[in-house]
file start02.cif (mmCIF, C-alpha atoms)
data_data
#
loop_
_atom_site.label_atom_id
_atom_site.label_comp_id
_atom_site.auth_asym_id
_atom_site.auth_seq_id
_atom_site.Cartn_x
_atom_site.Cartn_y
_atom_site.Cartn_z
CA MET N 1 24.69 7.92 -31.20
CA GLN N 2 24.70 5.78 -28.07
CA SER N 3 27.44 5.67 -25.46
CA SER N 4 29.49 2.50 -25.15
CA ILE N 5 31.86 3.87 -22.49
CA PRO N 6 31.26 2.60 -18.94
CA LEU N 7 30.14 5.85 -17.34
CA PHE N 8 31.75 5.23 -13.97
CA GLU N 9 35.12 4.56 -15.64
CA ARG N 10 35.40 7.79 -17.59
CA LYS N 11 38.73 9.58 -17.29
CA ASP N 12 38.92 12.67 -15.11
CA SER N 13 39.99 14.72 -18.11
CA THR N 14 36.74 13.85 -19.87
CA ARG N 15 34.74 14.39 -16.70
CA ASN N 16 36.29 17.81 -16.08
CA GLN N 17 35.17 19.01 -19.50
CA ALA N 18 31.57 18.01 -18.85
CA PRO N 19 28.83 20.28 -17.42
CA LEU N 20 28.82 20.72 -13.64
CA PRO N 21 26.01 18.17 -12.99
CA GLU N 22 28.07 15.47 -14.71
CA ARG N 23 31.29 16.47 -12.96
CA MET N 24 29.60 16.39 -9.56
CA ARG N 25 27.86 13.06 -10.13
CA PRO N 26 28.35 10.86 -7.00
CA GLN N 27 30.88 8.07 -7.37
CA SER N 28 29.59 5.93 -4.49
CA PHE N 29 26.39 5.19 -2.63
CA GLU N 30 27.85 6.97 0.40
CA THR N 31 28.18 10.27 -1.48
CA MET N 32 24.71 10.12 -3.04
CA VAL N 33 22.27 12.48 -1.31
CA GLY N 34 18.57 11.93 -0.82
CA GLN N 35 16.64 8.69 -1.39
CA PRO N 36 17.07 7.30 2.17
CA HIS N 37 14.31 4.75 1.46
CA LEU N 38 16.68 3.17 -1.10
CA LEU N 39 20.11 3.86 0.39
CA SER N 40 19.50 2.80 3.99
CA LYS N 41 20.86 -0.62 4.96
CA GLU N 42 17.37 -1.91 5.79
CA SER N 43 15.89 -1.04 2.39
CA SER N 44 14.67 -3.66 -0.09
CA PHE N 45 16.97 -2.10 -2.70
CA GLN N 46 20.06 -2.68 -0.57
CA ARG N 47 18.96 -6.24 0.23
CA TRP N 48 18.50 -6.90 -3.49
CA LEU N 49 21.95 -5.46 -4.17
CA GLN N 50 23.66 -7.46 -1.44
CA GLN N 51 22.05 -10.67 -2.68
CA GLY N 52 23.69 -10.29 -6.07
CA GLY N 53 21.60 -7.65 -7.83
CA SER N 54 20.33 -10.10 -10.44
CA GLY N 55 17.30 -9.49 -12.61
CA ASN N 56 15.93 -6.48 -14.44
CA VAL N 57 15.34 -3.12 -12.80
CA LEU N 58 13.16 -0.11 -13.58
CA LEU N 59 14.09 3.18 -11.90
CA TYR N 60 11.13 5.55 -11.73
CA GLY N 61 11.28 9.15 -10.54
CA PRO N 62 11.15 12.84 -11.52
CA PRO N 63 13.93 14.55 -13.50
CA GLY N 64 17.22 15.15 -11.71
CA CYS N 65 16.53 12.82 -8.77
CA GLY N 66 19.45 10.44 -9.44
CA LYS N 67 18.16 7.64 -11.69
CA THR N 68 21.19 7.59 -14.00
CA THR N 69 23.55 7.94 -11.05
CA LEU N 70 21.91 4.99 -9.31
CA ALA N 71 22.21 2.90 -12.48
CA GLN N 72 25.93 3.69 -12.66
CA LEU N 73 26.47 2.83 -9.02
CA ILE N 74 24.59 -0.46 -9.42
CA ALA N 75 26.89 -1.38 -12.31
CA LYS N 76 29.94 -0.34 -10.32
CA HIS N 77 28.88 -2.42 -7.29
CA LEU N 78 28.27 -5.48 -9.50
CA GLN N 79 31.60 -4.87 -11.26
CA LYS N 80 29.88 -4.52 -14.60
CA HIS N 81 29.61 -1.75 -17.16
CA LEU N 82 26.67 0.00 -18.79
CA LEU N 83 25.74 -0.16 -22.44
CA VAL N 84 23.71 3.01 -22.74
CA VAL N 85 20.69 3.47 -24.99
CA ASN N 86 18.67 6.66 -25.03
CA ALA N 87 15.12 5.84 -26.08
CA VAL N 88 14.62 9.36 -27.48
CA LEU N 89 17.46 8.94 -29.98
CA SER N 90 17.18 5.23 -30.79
CA ASN N 91 15.22 3.22 -33.32
CA LEU N 92 14.46 -0.49 -33.44
CA ASN N 93 17.70 -1.32 -35.24
CA ASP N 94 19.77 0.53 -32.62
CA LEU N 95 17.99 -1.39 -29.87
CA ARG N 96 18.52 -4.77 -31.50
CA SER N 97 22.21 -3.98 -32.00
CA ARG N 98 22.61 -3.09 -28.33
CA ILE N 99 20.72 -6.19 -27.21
CA GLN N 100 23.03 -8.36 -29.29
CA GLN N 101 26.08 -6.60 -27.84
CA ALA N 102 24.80 -7.01 -24.27
CA SER N 103 23.89 -10.68 -24.79
CA GLN N 104 27.47 -11.44 -25.85
CA ASP N 105 29.04 -9.67 -22.88
CA PRO N 106 28.24 -11.20 -19.45
CA GLN N 107 29.75 -8.12 -17.76
CA ALA N 108 27.40 -5.71 -19.52
CA ILE N 109 24.15 -4.17 -18.29
CA LEU N 110 21.82 -2.68 -20.88
CA PHE N 111 20.79 0.75 -19.57
CA ILE N 112 17.83 2.35 -21.37
CA ASP N 113 17.23 5.97 -20.42
CA GLU N 114 13.71 7.38 -20.96
CA ILE N 115 12.49 3.83 -21.57
CA HIS N 116 8.88 5.02 -21.62
CA ARG N 117 9.66 6.61 -25.01
CA PHE N 118 9.87 3.16 -26.59
CA ASN N 119 6.66 2.06 -28.26
CA LYS N 120 5.04 -1.34 -27.68
CA SER N 121 6.95 -3.02 -30.51
CA GLN N 122 10.28 -1.82 -29.17
CA GLN N 123 9.39 -2.95 -25.65
CA ASP N 124 8.28 -6.33 -27.02
CA VAL N 125 11.76 -6.85 -28.47
CA LEU N 126 13.22 -6.80 -24.95
CA LEU N 127 10.90 -9.45 -23.50
CA PRO N 128 12.53 -12.76 -24.52
CA PHE N 129 16.01 -11.54 -23.52
CA CYS N 130 14.81 -10.18 -20.16
CA GLU N 131 12.82 -13.33 -19.41
CA SER N 132 15.64 -15.74 -20.23
CA GLY N 133 18.29 -13.70 -18.43
CA THR N 134 20.30 -13.33 -21.64
CA ILE N 135 20.66 -9.64 -20.76
CA GLN N 136 20.27 -7.63 -17.59
CA LEU N 137 18.20 -4.51 -18.11
CA ILE N 138 18.08 -1.27 -16.15
CA GLY N 139 15.46 1.16 -17.41
CA ALA N 140 15.00 4.75 -16.24
CA THR N 141 11.73 6.63 -16.63
CA THR N 142 10.07 9.81 -15.41
CA HIS N 143 6.66 8.29 -16.20
CA ASN N 144 4.68 5.87 -14.08
CA PRO N 145 5.70 2.43 -15.42
CA ALA N 146 2.22 1.07 -14.76
CA PHE N 147 0.84 3.41 -17.44
CA TYR N 148 3.67 3.60 -19.96
CA LEU N 149 5.33 0.17 -19.98
CA ILE N 150 3.75 -3.03 -21.20
CA PRO N 151 2.63 -5.43 -18.43
CA PRO N 152 4.93 -8.32 -19.51
CA LEU N 153 7.98 -6.08 -19.15
CA LEU N 154 6.77 -4.87 -15.75
CA SER N 155 6.26 -8.44 -14.54
CA ARG N 156 9.86 -9.26 -15.44
CA SER N 157 11.37 -6.31 -13.58
CA TYR N 158 11.90 -4.91 -10.09
CA VAL N 159 10.60 -1.35 -9.80
CA PHE N 160 12.41 1.10 -7.51
CA GLU N 161 10.89 4.56 -7.14
CA LEU N 162 13.08 7.61 -6.52
CA HIS N 163 11.59 10.69 -4.90
CA LYS N 164 12.01 14.37 -5.64
CA LEU N 165 15.10 15.60 -3.79
CA PRO N 166 14.45 17.81 -0.74
CA PRO N 167 15.94 21.35 -0.73
CA GLU N 168 18.42 20.45 2.03
CA ALA N 169 19.89 17.63 -0.09
CA ILE N 170 20.30 19.98 -3.05
CA LEU N 171 21.79 22.68 -0.82
CA GLN N 172 24.36 20.19 0.49
CA THR N 173 25.52 19.38 -3.05
CA LEU N 174 25.61 23.04 -4.07
CA CYS N 175 27.94 23.81 -1.16
CA LEU N 176 30.14 20.86 -2.11
CA ALA N 177 30.30 22.04 -5.73
CA LEU N 178 31.51 25.48 -4.60
CA GLN N 179 34.30 23.91 -2.51
CA ASP N 180 35.45 21.16 -4.91
CA GLU N 181 38.43 22.52 -6.86
CA LYS N 182 38.94 19.37 -8.95
CA HIS N 183 35.46 18.73 -10.29
CA GLY N 184 33.38 21.64 -9.01
CA LEU N 185 33.69 25.42 -9.00
CA GLY N 186 36.22 25.74 -6.19
CA ALA N 187 39.00 26.91 -8.53
CA SER N 188 37.00 30.04 -9.38
CA HIS N 189 36.98 31.10 -5.68
CA ILE N 190 33.55 32.66 -6.13
CA LYS N 191 31.57 33.23 -2.95
CA VAL N 192 27.84 32.62 -3.04
CA PRO N 193 25.76 33.89 -0.08
CA GLU N 194 23.64 31.27 1.65
CA GLU N 195 20.41 33.04 0.71
CA ILE N 196 21.26 32.61 -2.99
CA LEU N 197 22.03 28.94 -2.53
CA SER N 198 18.74 28.48 -0.68
CA ASP N 199 16.86 30.21 -3.50
CA ILE N 200 18.52 27.95 -6.07
CA ALA N 201 17.61 24.86 -4.04
CA ARG N 202 14.02 26.06 -3.82
CA ILE N 203 13.66 26.96 -7.51
CA ALA N 204 15.19 23.64 -8.58
CA ASP N 205 12.06 21.92 -7.23
CA GLY N 206 13.82 18.65 -6.43
CA ASP N 207 15.89 18.56 -9.62
CA MET N 208 19.62 18.34 -8.80
CA ARG N 209 20.63 18.74 -12.43
CA ARG N 210 18.65 21.96 -12.71
CA ALA N 211 20.17 23.35 -9.49
CA LEU N 212 23.77 22.66 -10.56
CA HIS N 213 23.19 24.11 -14.02
CA LEU N 214 21.84 27.28 -12.45
CA LEU N 215 24.76 27.56 -10.02
CA GLU N 216 27.25 27.03 -12.86
CA PHE N 217 25.53 29.68 -14.98
CA LEU N 218 25.69 32.25 -12.18
CA CYS N 219 29.34 31.52 -11.38
CA LEU N 220 30.50 31.53 -15.00
CA SER N 221 28.83 34.92 -15.41
CA ALA N 222 30.83 36.43 -12.51
CA PRO N 223 34.52 37.43 -12.27
CA ILE N 224 36.92 34.99 -10.58
CA GLY N 225 37.15 35.59 -6.83
CA SER N 226 34.02 37.77 -6.71
CA THR N 227 30.98 37.51 -4.45
CA LEU N 228 27.55 37.16 -6.04
CA ASP N 229 25.18 40.04 -5.33
CA PRO N 230 21.81 38.79 -4.02
CA LYS N 231 19.92 41.64 -5.72
CA GLN N 232 21.44 40.96 -9.13
CA VAL N 233 20.93 37.21 -8.74
CA ALA N 234 17.31 37.74 -7.72
CA SER N 235 16.75 39.45 -11.07
CA GLU N 236 18.26 36.47 -12.88
CA LEU N 237 16.23 33.95 -10.88
CA LYS N 238 12.96 35.51 -12.02
CA HIS N 239 13.45 33.73 -15.33
CA TRP N 240 13.89 30.33 -13.69
CA HIS N 241 10.35 29.33 -12.79
CA ALA N 242 9.51 26.17 -10.89
CA SER N 243 9.68 23.23 -13.26
CA TYR N 244 6.52 21.98 -14.95
CA ASN N 245 6.37 19.40 -17.70
CA ALA N 246 3.05 19.88 -19.44
CA ARG N 247 3.37 16.58 -21.31
CA GLU N 248 4.55 14.31 -18.55
CA THR N 249 3.90 13.55 -14.89
CA ASP N 250 3.45 17.17 -13.76
CA HIS N 251 0.54 17.50 -16.17
CA TYR N 252 -1.32 14.63 -14.51
CA ASP N 253 -0.17 15.06 -10.92
CA MET N 254 -0.91 18.77 -10.64
CA ILE N 255 -4.33 18.65 -12.28
CA SER N 256 -5.12 15.78 -9.88
CA ALA N 257 -4.00 17.86 -6.89
CA TYR N 258 -5.98 20.83 -8.24
CA ILE N 259 -9.25 18.94 -8.67
CA LYS N 260 -8.92 17.18 -5.32
CA SER N 261 -8.23 20.52 -3.58
CA ILE N 262 -11.46 21.98 -5.00
CA ARG N 263 -13.37 18.82 -4.08
CA GLY N 264 -11.90 19.08 -0.58
CA CYS N 265 -13.07 22.72 -0.24
CA ASP N 266 -9.54 24.21 0.02
CA PRO N 267 -9.47 27.40 -2.12
CA ASP N 268 -5.87 28.22 -1.12
CA ALA N 269 -4.41 24.92 -2.28
CA ALA N 270 -6.57 24.94 -5.41
CA THR N 271 -5.36 28.44 -6.34
CA TYR N 272 -1.74 27.43 -5.77
CA TRP N 273 -1.98 24.44 -8.14
CA LEU N 274 -3.82 26.58 -10.66
CA ALA N 275 -1.00 29.13 -10.60
CA ARG N 276 1.64 26.40 -10.90
CA MET N 277 -0.02 25.01 -14.00
CA LEU N 278 -0.58 28.39 -15.64
CA LYS N 279 2.99 29.55 -14.92
CA GLY N 280 4.26 26.27 -16.33
CA GLY N 281 2.46 26.85 -19.64
CA GLU N 282 -0.48 24.49 -19.21
CA ASP N 283 -3.29 24.90 -21.74
CA PRO N 284 -6.01 26.94 -19.96
CA LEU N 285 -8.68 25.13 -21.98
CA PHE N 286 -7.54 21.85 -20.43
CA ILE N 287 -8.03 23.32 -16.95
CA ALA N 288 -11.39 24.82 -17.92
CA ARG N 289 -12.63 21.48 -19.26
CA ARG N 290 -11.82 19.83 -15.96
CA LEU N 291 -13.73 22.57 -14.12
CA VAL N 292 -16.83 21.95 -16.26
CA ILE N 293 -16.64 18.26 -15.37
CA LEU N 294 -16.06 18.95 -11.68
CA ALA N 295 -18.99 21.39 -11.54
CA SER N 296 -21.40 18.52 -12.23
CA GLU N 297 -19.43 15.63 -10.75
CA ASP N 298 -18.60 17.14 -7.36
CA VAL N 299 -20.80 20.22 -6.87
CA GLY N 300 -23.84 19.11 -8.79
CA LEU N 301 -27.26 20.02 -7.45
CA ALA N 302 -25.77 21.51 -4.28
CA ASP N 303 -25.17 24.65 -6.39
CA SER N 304 -26.01 24.42 -10.09
CA ARG N 305 -24.54 27.88 -10.65
CA GLY N 306 -21.16 26.14 -10.64
CA LEU N 307 -21.82 24.54 -14.03
CA LEU N 308 -22.84 27.89 -15.55
CA LEU N 309 -19.71 29.61 -14.21
CA ALA N 310 -17.44 26.77 -15.32
CA ALA N 311 -18.92 26.87 -18.82
CA ALA N 312 -18.45 30.65 -18.86
CA ALA N 313 -14.82 30.25 -17.84
CA TYR N 314 -14.30 27.78 -20.68
CA THR N 315 -15.75 30.31 -23.12
CA ALA N 316 -13.47 33.03 -21.69
CA CYS N 317 -10.41 30.82 -22.14
CA GLU N 318 -11.50 30.06 -25.70
CA LYS N 319 -12.38 33.62 -26.73
CA ILE N 320 -9.97 35.73 -24.64
CA GLY N 321 -7.02 33.48 -23.86
CA MET N 322 -4.03 34.09 -21.59
CA PRO N 323 -3.09 35.98 -19.55
CA GLU N 324 -6.51 37.55 -18.90
CA CYS N 325 -8.50 34.31 -18.75
CA ALA N 326 -6.40 33.26 -15.75
CA ILE N 327 -8.56 35.63 -13.69
CA ASN N 328 -11.69 33.84 -14.89
CA LEU N 329 -10.18 30.49 -13.95
CA SER N 330 -9.27 31.81 -10.51
CA HIS N 331 -12.81 33.15 -10.07
CA VAL N 332 -14.41 29.78 -10.82
CA THR N 333 -11.77 27.81 -8.92
CA ILE N 334 -12.44 29.66 -5.68
CA PHE N 335 -16.21 29.61 -6.20
CA LEU N 336 -16.27 25.84 -6.73
CA ALA N 337 -14.00 25.30 -3.74
CA LEU N 338 -16.25 27.36 -1.46
CA VAL N 339 -19.73 26.09 -2.38
CA PRO N 340 -21.38 22.97 -0.88
CA LYS N 341 -20.63 19.68 -2.64
CA SER N 342 -22.90 16.89 -3.82
CA ASN N 343 -22.08 13.99 -6.11
CA SER N 344 -25.63 12.61 -6.13
CA THR N 345 -26.12 13.06 -9.88
CA ASN N 346 -22.87 11.25 -10.63
CA GLU N 347 -23.75 8.46 -8.23
CA ALA N 348 -27.18 8.10 -9.87
CA LEU N 349 -25.60 7.77 -13.32
CA ASN N 350 -23.09 5.19 -12.09
CA ALA N 351 -25.90 3.24 -10.43
CA ALA N 352 -27.78 3.22 -13.75
CA TYR N 353 -24.65 2.02 -15.58
CA HIS N 354 -24.28 -0.78 -13.04
CA LEU N 355 -27.93 -1.77 -13.46
CA ILE N 356 -27.58 -1.93 -17.26
CA ALA N 357 -24.40 -4.00 -17.00
CA HIS N 358 -25.77 -6.59 -14.55
CA GLU N 359 -29.48 -6.96 -15.34
CA VAL N 360 -31.61 -7.76 -18.37
CA PRO N 361 -32.33 -4.51 -20.26
CA GLN N 362 -35.83 -3.19 -19.68
CA ALA N 363 -38.16 -2.56 -22.60
CA VAL N 364 -39.80 0.83 -22.99
CA PRO N 365 -43.31 0.62 -21.44
CA ASN N 366 -46.11 0.51 -24.01
CA ALA N 367 -47.64 3.80 -22.84
CA LEU N 368 -44.36 5.65 -23.37
CA GLN N 369 -43.55 4.34 -26.85
CA GLN N 370 -43.77 6.89 -29.65
CA THR N 371 -45.68 4.73 -32.12
CA PRO N 372 -46.67 1.37 -30.62
CA LEU N 373 -48.52 -1.14 -32.82
CA HIS N 374 -51.14 -1.48 -30.12
CA ARG N 375 -51.65 1.12 -27.39
CA GLU N 376 -52.34 -1.08 -24.36
CA ASP N 377 -52.20 1.70 -21.77
CA PRO N 378 -52.90 5.42 -22.24
CA TYR N 379 -50.18 7.95 -21.61
CA ARG N 380 -51.08 10.26 -18.73
CA TYR N 381 -50.09 13.87 -19.38
CA SER N 382 -48.20 14.87 -16.19
CA HIS N 383 -49.27 18.52 -16.23
CA GLN N 384 -52.86 17.47 -15.57
CA PHE N 385 -51.97 15.93 -12.22
CA GLU N 386 -51.01 17.25 -8.80
CA ALA N 387 -47.27 17.97 -8.46
CA ASN N 388 -46.87 16.48 -11.99
CA VAL N 389 -47.30 12.99 -10.53
CA SER N 390 -49.73 10.92 -12.61
CA GLY N 391 -48.76 7.56 -11.20
CA GLN N 392 -47.55 6.47 -14.64
CA ALA N 393 -44.87 3.79 -14.59
CA TYR N 394 -41.93 5.12 -16.56
CA TRP N 395 -40.07 1.82 -16.51
CA ASN N 396 -41.12 -1.74 -15.92
CA GLU N 397 -39.14 -2.40 -12.75
CA ALA N 398 -38.40 0.68 -10.68
CA LYS N 399 -35.08 0.82 -8.83
CA PRO N 400 -33.83 3.68 -6.61
CA LEU N 401 -30.84 5.22 -8.43
CA TYR N 402 -30.92 8.85 -7.27
CA HIS N 403 -30.44 9.52 -3.57
CA LEU N 404 -31.06 13.13 -2.61
CA LYS N 405 -28.36 14.73 -0.48
CA PRO N 406 -29.68 17.50 1.79
CA ILE N 407 -26.72 19.78 1.00
CA GLY N 408 -26.78 23.35 -0.28
CA ALA N 409 -29.39 24.08 -2.93
CA GLU N 410 -30.16 20.38 -3.31
CA LYS N 411 -31.71 20.49 0.15
CA SER N 412 -34.43 22.80 -1.17
CA PHE N 413 -35.64 20.00 -3.48
CA GLU N 414 -36.25 17.64 -0.57
CA PRO N 415 -39.83 18.62 0.45
CA LEU N 416 -41.22 18.34 -3.09
CA TYR N 417 -39.14 15.22 -3.77
CA ARG N 418 -40.52 13.47 -0.67
CA TYR N 419 -44.08 14.66 -1.42
CA ARG N 420 -43.94 13.22 -4.96
CA GLN N 421 -42.70 9.92 -3.55
CA GLN N 422 -45.70 9.87 -1.21
CA LEU N 423 -48.11 10.64 -4.04
CA ARG N 424 -46.70 7.81 -6.15
CA GLU N 425 -47.04 5.42 -3.24
CA GLN N 426 -50.67 6.49 -2.64
CA ILE N 427 -51.56 6.06 -6.33
CA ARG N 428 -49.84 2.66 -6.41
CA LYS N 429 -51.88 1.48 -3.40
CA LYS N 430 -55.15 2.71 -4.98
CA GLN N 431 -54.32 0.85 -8.19
CA GLN N 432 -53.68 -2.33 -6.21
CA HIS N 433 -56.88 -1.91 -4.12
CA PRO N 434 -59.44 0.00 -6.27
CA SER N 435 -62.25 -0.47 -3.75
#

call {"tool": "encode", "arguments": {"input": "start02.cif", "output": "structure tokens"}}
result
Amino acid sequence: MQSSIPLFERKDSTRNQAPLPERMRPQSFETMVGQPHLLSKESSFQRWLQQGGSGNVLLYGPPGCGKTTLAQLIAKHLQKHLLVVNAVLSNLNDLRSRIQQASQDPQAILFIDEIHRFNKSQQDVLLPFCESGTIQLIGATTHNPAFYLIPPLLSRSYVFELHKLPPEAILQTLCLALQDEKHGLGASHIKVPEEILSDIARIADGDMRRALHLLEFLCLSAPIGSTLDPKQVASELKHWHASYNARETDHYDMISAYIKSIRGCDPDAATYWLARMLKGGEDPLFIARRLVILASEDVGLADSRGLLLAAAAYTACEKIGMPECAINLSHVTIFLALVPKSNSTNEALNAAYHLIAHEVPQAVPNALQQTPLHREDPYRYSHQFEANVSGQAYWNEAKPLYHLKPIGAEKSFEPLYRYRQQLREQIRKKQQHPS
């Protein structure tokens, strides 16, 4: 189930039978495109490598950015070989077997792909071997290690982050694949116009593997020696949407960008991220829930209509569904991005939480209790007093938690809010000095 062949030592015959992304995999750091923050001579990665490359490494980055390639090149530079474990396909027994094999071979590096798929128990198994140096581990993950890997494993590893590949880096490799007759598509003598290559690089969205698969698909579908027709290819490319992983980092990163765009009053950016998520198959109810939260957290009293519209959009997503409810989500997205913003209600709640956590809890005043044993003070019915201010103390030690923000509709509350504060102060002074 797991590979025991050193990947960088595979025979050309085996390599030539592999898919194009595997055949075009860089065989040296010099031929690897992108990741200048890792590959430049001044980088911490290169310094670590030149100093012996000891210790455990976690490679973190999006799909198709070069994590496996980098692991292979590290092994090649250190004159070692990889013992490959895929966390998706492995169980605890497989992992223990590989650890034992790696611990008995000083020239082996244990490479765990998709290491975030291992549960806590599986990750715990690695700890004593990683700590003692019995094995050298390289783990690859598309998920943020801080969230998906246990802290002890993180503390025993160097983390190197790989970035999404820029279109120009992907375009460079696509051109090389078309020219390479030994490992690429050069033997087919198919000509691909630059506009098609640029479209592939754009659609790939930083994923080299995706770009090469798409190029191979288009070339294998065309006669040898032909030239691809941009119009026909454009029809094919409609089915290759920008990548979106609804269960992994895209799910969290794009909803974060979406919410922050609305909070930052940018309807264009917010609509773009909304469309990306919907096209990628995101659950519209998930988006609608976040809008309901945002309507109170970030718009709040500045325009309370936002909460009503967000709740209505949630109902539309629940009752109508896609694709029609996308229009409702767009409606509310743009509305919430345009209206004034106030987080005063959220700040007031957080201030109350802080007060509860750091001070002795206050008892309910006697006058406000439902059925006190002895009514020491009468309850004053607010509707019988000017501006509903009776002067009643509603808690034993008053602390300012809500701070009005004169923004949008919340500004209209300010005159009455200030007037009630004045009335309370006047009543308090009269109670202190009855004469």

call {"tool": "resolve_selection", "arguments": {"input": "start02.cif", "expression": "the PyMOL selection byres ((chain N and resi 339) around 9)", "output": "PDB file with C-alpha atoms, keeping the file's coordinate frame"}}
result
ATOM      1  CA  CYS N 265     -13.070  22.720  -0.240  1.00  0.00           C
ATOM      2  CA  VAL N 299     -20.800  20.220  -6.870  1.00  0.00           C
ATOM      3  CA  ALA N 302     -25.770  21.510  -4.280  1.00  0.00           C
ATOM      4  CA  ASP N 303     -25.170  24.650  -6.390  1.00  0.00           C
ATOM      5  CA  GLY N 306     -21.160  26.140 -10.640  1.00  0.00           C
ATOM      6  CA  ILE N 334     -12.440  29.660  -5.680  1.00  0.00           C
ATOM      7  CA  PHE N 335     -16.210  29.610  -6.200  1.00  0.00           C
ATOM      8  CA  LEU N 336     -16.270  25.840  -6.730  1.00  0.00           C
ATOM      9  CA  ALA N 337     -14.000  25.300  -3.740  1.00  0.00           C
ATOM     10  CA  LEU N 338     -16.250  27.360  -1.460  1.00  0.00           C
ATOM     11  CA  PRO N 340     -21.380  22.970  -0.880  1.00  0.00           C
ATOM     12  CA  LYS N 341     -20.630  19.680  -2.640  1.00  0.00           C
ATOM     13  CA  GLY N 408     -26.780  23.350  -0.280  1.00  0.00           C
TER      14      GLY N 408
END

call {"tool": "resolve_selection", "arguments": {"input": "start02.cif", "expression": "the PyMOL selection byres ((chain N and resi 385-395) around 10)", "output": "ChimeraX atom specification"}}
result
/N:362-368,377-384,396-399,416-417,419-428,431

call {"tool": "closest_residue", "arguments": {"input": "start02.cif", "among": "N:Asn328, N:Thr173, N:Gln72, N:Gln46", "to": "Val33 (chain N)", "atoms": "all atoms listed in the file"}}
result
N:Thr173

call {"tool": "resolve_selection", "arguments": {"input": "start02.cif", "expression": "the PyMOL selection byres ((chain N and resi 133-140) around 7)", "output": "PDB file with C-alpha atoms, in the coordinates of the input"}}
result
ATOM      1  CA  GLY N  55      17.300  -9.490 -12.610  1.00  0.00           C
ATOM      2  CA  ASN N  56      15.930  -6.480 -14.440  1.00  0.00           C
ATOM      3  CA  VAL N  57      15.340  -3.120 -12.800  1.00  0.00           C
ATOM      4  CA  LEU N  58      13.160  -0.110 -13.580  1.00  0.00           C
ATOM      5  CA  LEU N  59      14.090   3.180 -11.900  1.00  0.00           C
ATOM      6  CA  TYR N  60      11.130   5.550 -11.730  1.00  0.00           C
ATOM      7  CA  LYS N  67      18.160   7.640 -11.690  1.00  0.00           C
ATOM      8  CA  ALA N  71      22.210   2.900 -12.480  1.00  0.00           C
ATOM      9  CA  ALA N 102      24.800  -7.010 -24.270  1.00  0.00           C
ATOM     10  CA  SER N 103      23.890 -10.680 -24.790  1.00  0.00           C
ATOM     11  CA  ILE N 109      24.150  -4.170 -18.290  1.00  0.00           C
ATOM     12  CA  LEU N 110      21.820  -2.680 -20.880  1.00  0.00           C
ATOM     13  CA  PHE N 111      20.790   0.750 -19.570  1.00  0.00           C
ATOM     14  CA  ILE N 112      17.830   2.350 -21.370  1.00  0.00           C
ATOM     15  CA  ASP N 113      17.230   5.970 -20.420  1.00  0.00           C
ATOM     16  CA  GLU N 114      13.710   7.380 -20.960  1.00  0.00           C
ATOM     17  CA  ILE N 115      12.490   3.830 -21.570  1.00  0.00           C
ATOM     18  CA  PHE N 129      16.010 -11.540 -23.520  1.00  0.00           C
ATOM     19  CA  CYS N 130      14.810 -10.180 -20.160  1.00  0.00           C
ATOM     20  CA  GLU N 131      12.820 -13.330 -19.410  1.00  0.00           C
ATOM     21  CA  SER N 132      15.640 -15.740 -20.230  1.00  0.00           C
ATOM     22  CA  THR N 141      11.730   6.630 -16.630  1.00  0.00           C
TER      23      THR N 141
END

call {"tool": "atom_distance", "arguments": {"input": "start02.cif", "atom1": "CA of Phe29 (chain N)", "atom2": "CA of Leu70 (chain N)"}}
result
8.0 Å

call {"tool": "residues_around", "arguments": {"input": "start02.cif", "residues": "Lys260 (chain N)", "least_positions_apart": "4", "cutoff": "10 Å", "atoms": "only C-alpha atoms", "output": "VMD selection string"}}
result
chain N and resid 254 to 256 264 to 266 269 to 270 294 298 337

call {"tool": "residues_near_point", "arguments": {"input": "start02.cif", "point": "(11.1, 4.5, -28.2)", "cutoff": "8 Å", "atoms": "only C-alpha atoms", "output": "list of chain:residue names"}}
result
N:Ala87, N:Val88, N:Leu89, N:Ser90, N:Asn91, N:Leu92, N:Ile115, N:His116, N:Arg117, N:Phe118, N:Asn119, N:Gln122

call {"tool": "atom_distance", "arguments": {"input": "start02.cif", "atom1": "CA of Asn343 (chain N)", "atom2": "CA of Ser296 (chain N)"}}
result
7.6 Å

call {"tool": "closest_residue", "arguments": {"input": "start02.cif", "among": "N:Leu127, N:Leu39, N:Ala204, N:Leu301", "to": "Glu414 (chain N)", "atoms": "all atoms listed in the file"}}
result
N:Leu301

call {"tool": "atom_distance", "arguments": {"input": "start02.cif", "atom1": "CA of His163 (chain N)", "atom2": "CA of Met32 (chain N)"}}
result
13.3 Å

call {"tool": "residues_near_point", "arguments": {"input": "start02.cif", "point": "(22.1, 41.5, -7.3)", "cutoff": "12 Å", "atoms": "only C-alpha atoms", "output": "ChimeraX atom specification"}}
result
/N:192-193,195-196,218,222,227-238

call {"tool": "closest_residue", "arguments": {"input": "start02.cif", "among": "N:Asp124, N:Gln369, N:Leu291, N:Leu404", "to": "Glu347 (chain N)", "atoms": "all atoms listed in the file"}}
result
N:Leu404
